[in-house]
Amino acid sequence: MPTKFTKETYLYWYELMQLIRQFELKAEEMYKMAGKIRGFFHAYVGQEAIAAGCMTATGADDPFITAYRDHGLALAKGTSANACMAELYGKATGCAKGKGGSMHFFDIQNKFFGGHGIVGAQIGTGAGLAFAEKYRGTQNVTLAFFGDGAARQGMLHETFNLAMLWKLPVIFICENNNYAMGTSIERTSNVIDIYKLADAYEMPADKIDGMSPEAVHEGVARAVKRAREGDGPTLLEIKTYRYKGHSISDPQKYRTKEEVEEYKEQDPINKVRHTILENNFATEADLNAIDAKINAVVEESVRFAEESPWPDDSEVLKDVYIDQNYPFIVD
């Protein structure tokens with residue numbers, strides 16, 4: 001059936017989502033191999049359509065900031081698979097020089113500002129990034145991602161108030177995957193439609209299907225247009241689902257296998273693949289070639305991480321606050 005989006009867009013979405021999916025699956029495999037990846041690990045598997053739709057609705061200079069489920073968005077913003085895998089390994093060639101690990105990816109060159117382990121902290125920091133862009137007179141719009149669990153944090157309400165008061169160019173994106181760690185939203189809040197939290201601040205808001213890159217693109221594009229025109233922030237509740245547990249150590253006893261399989265029937269990668277084939281945007285052979293290319297990139301990232309050096313002891317106190325090699329926003 002005809003689509004609103006071009007062949008190039010669908011192929012971009014497919015390749016990006018496959019990169020995120022295969023990277024996460026390989027990283028999980030390496031995590032389970034003793035001593036390869038340590039610390040916490042939160043996979044983005046199932047949520048790839050959000051990253052894909054956000055990328056086509058924004059520009060390269062629009063800052064992204066998120067929580068600890070950050071690998072997928074870092075890859076989407078342009079951080080290389082090599083730098084991401086090396087960071088997971090704690091190697092000096094990682095995107096945070098091996099000192100951030102899974103929860104604290106960082107890539108200022110690609111306007112990716114983390115990766116934050118404190119639940120909800122990135123909401124306020126995202127507004128700060130937006131304030132900086134407005135202060136400098138740019139047209140850049142900040143996307144601040146958080147989970148449904150972070151919607152209970154006081155930081156959200158303080159930030160929403162100031163963001164509306166100052167009409168900051170920021171989009172607050174709640175990636176609602178139904179569970180804050182292992183607790184469903186119904187058990188923690190009387191307000192289960194998170195987008196309604198914006199009503200208290202007269203902030204525009206919307207609920208979006210996060211299993212569809214088309215729906216994500218359209219919703220984010222509307223919010224970006226509003227912010228670029230100086231009309232301030234928007235709250236988007238993007239309904240998605242994580243196929244994996246909260247982290248690798250999560251036994252997932254709070255949900256059934258049937259529930260997971262039901263969501264997998266809406267898999268965004270499969271749906272985009274079907275649309276591409278149905279519209280003759282590419283052949284099975286073309287898509288298989290993309291898959292093979294992605295697999296090669298991911299395998300190379302493991303080799304790169306394995307062969308990369310550990311950080312030198314002299315690096316331990318560098319970049320804790322600021323380093324002249326990082327051109328932070330200072331006018």
# chains A, B, ... in the order shown; residues from 1 in each chain; ligands from 1
>>> select_by_dssp(residues="range 28-263 of chain A", states="helix (DSSP H, G or I)", output="ChimeraX atom specification")
/A:28-31,48-57,71-77,81-89,108-110,121-136,149-152,154-165,185-187,194-201,213-228,257-263
>>> select_by_dssp(residues="range 6-179 of chain A", states="strand (DSSP E or B)", output="list in words")
Phe64, Ile65, Asp107, Phe112, Thr142, Leu143, Ala144, Phe145, Phe146, Gly147, Val170, Ile171, Phe172, Ile173, Cys174, Glu175, Asn176 and Tyr179 of chain A
>>> closest_residue(among="A:Ile269, A:Pro233, A:Thr183, A:Gln252", to="Thr159 in chain A", atoms="only C-alpha atoms")
A:Pro233
>>> residues_around(residues="Pro213 in chain A", least_positions_apart="2", cutoff="7 Å", atoms="only C-alpha atoms", output="list in words")
Ala49, Ile50, Ala52, Gly53, Met211, Ala215, Val216 and His217 of chain A
>>> residues_around(residues="Phe172 in chain A", least_positions_apart="3", cutoff="8 Å", atoms="only C-alpha atoms", output="list in words")
Ile123, Leu143, Ala144, Phe145, Phe146, Pro233, Thr234, Leu235 and Leu236 of chain A
>>> atom_distance(atom1="CA of Tyr31 in chain A", atom2="CA of Asp291 in chain A")
22.4 Å
>>> residues_around(residues="range 238-241 of chain A", least_positions_apart="2", cutoff="9 Å", atoms="only C-alpha atoms", output="list of chain:residue names")
A:Val45, A:Gly46, A:Gln47, A:Ala49, A:Ile50, A:Ile173, A:Cys174, A:Glu175, A:Asn176, A:Asn177, A:Asn178, A:Tyr179, A:Tyr195, A:Asp206, A:Lys207, A:Ile208, A:Asp209, A:Gly210, A:Met211, A:Val216, A:Leu236, A:Tyr243, A:Lys244, A:Val260, A:Tyr263, A:Lys264
>>> atom_distance(atom1="CA of Arg69 in chain A", atom2="CA of Glu306 in chain A")
22.7 Å
>>> residues_around(residues="Lys36 in chain A", least_positions_apart="4", cutoff="10 Å", atoms="only C-alpha atoms", output="list in words")
Ala27, Glu29, Met30, Tyr31, Lys32, Leu88, Tyr89, Gly90, Val302, Ala305 and Glu306 of chain A
>>> write_last_selection(atoms="N, CA and C atoms", output="CSV table (one decimal), in the first residue's frame")
chain,number,residue,atom,x,y,z
A,27,ALA,N,25.9,-7.4,22.5
A,27,ALA,CA,26.4,-6.9,23.7
A,27,ALA,C,25.9,-7.8,24.9
A,29,GLU,N,25.2,-10.9,24.7
A,29,GLU,CA,25.9,-12.2,24.6
A,29,GLU,C,27.3,-12.0,25.3
A,30,MET,N,28.0,-10.9,25.0
A,30,MET,CA,29.3,-10.6,25.5
A,30,MET,C,29.2,-10.4,27.0
A,31,TYR,N,28.2,-9.8,27.5
A,31,TYR,CA,28.0,-9.5,28.9
A,31,TYR,C,28.0,-10.8,29.7
A,32,LYS,N,27.3,-11.8,29.1
A,32,LYS,CA,27.2,-13.1,29.8
A,32,LYS,C,28.4,-14.0,29.7
A,88,LEU,N,31.3,-0.2,26.7
A,88,LEU,CA,30.7,-1.3,27.5
A,88,LEU,C,31.9,-2.2,28.1
A,89,TYR,N,32.9,-2.3,27.4
A,89,TYR,CA,34.1,-3.1,27.8
A,89,TYR,C,34.9,-2.3,28.9
A,90,GLY,N,34.7,-1.0,28.9
A,90,GLY,CA,35.5,-0.1,29.8
A,90,GLY,C,36.8,0.2,29.2
A,302,VAL,N,33.1,-5.8,18.4
A,302,VAL,CA,33.6,-6.7,19.4
A,302,VAL,C,35.1,-6.9,19.3
A,305,ALA,N,36.7,-3.7,20.5
A,305,ALA,CA,36.7,-3.6,22.0
A,305,ALA,C,37.7,-4.5,22.6
A,306,GLU,N,37.8,-5.8,22.1
A,306,GLU,CA,38.7,-6.8,22.7
A,306,GLU,C,40.1,-6.3,22.5
>>> residues_around(residues="His71 in chain A", least_positions_apart="3", cutoff="8 Å", atoms="only C-alpha atoms", output="VMD selection string")
chain A and resid 20 24 43 to 44 74 to 75 84 102 105
>>> write_last_selection(atoms="C-alpha atoms", output="PDB file, in the first residue's frame")
ATOM      1  CA  ILE A  20      20.454  -1.177  17.394  1.00  0.00           C
ATOM      2  CA  GLU A  24      22.169  -5.020  21.825  1.00  0.00           C
ATOM      3  CA  ALA A  43      18.903  -3.267  26.604  1.00  0.00           C
ATOM      4  CA  TYR A  44      16.853  -1.190  24.150  1.00  0.00           C
ATOM      5  CA  ALA A  74      23.706   6.788  21.101  1.00  0.00           C
ATOM      6  CA  LEU A  75      23.948   4.604  17.989  1.00  0.00           C
ATOM      7  CA  CYS A  84      29.821   1.968  22.048  1.00  0.00           C
ATOM      8  CA  SER A 102      26.730   1.072  29.943  1.00  0.00           C
ATOM      9  CA  PHE A 105      27.440   6.913  27.231  1.00  0.00           C
TER      10      PHE A 105
END
>>> atom_distance(atom1="CA of His157 in chain A", atom2="CA of Arg228 in chain A")
22.8 Å
>>> closest_residue(among="A:Ala83, A:Lys97, A:Asp313, A:Asn161", to="Asp199 in chain A", atoms="only C-alpha atoms")
A:Asn161
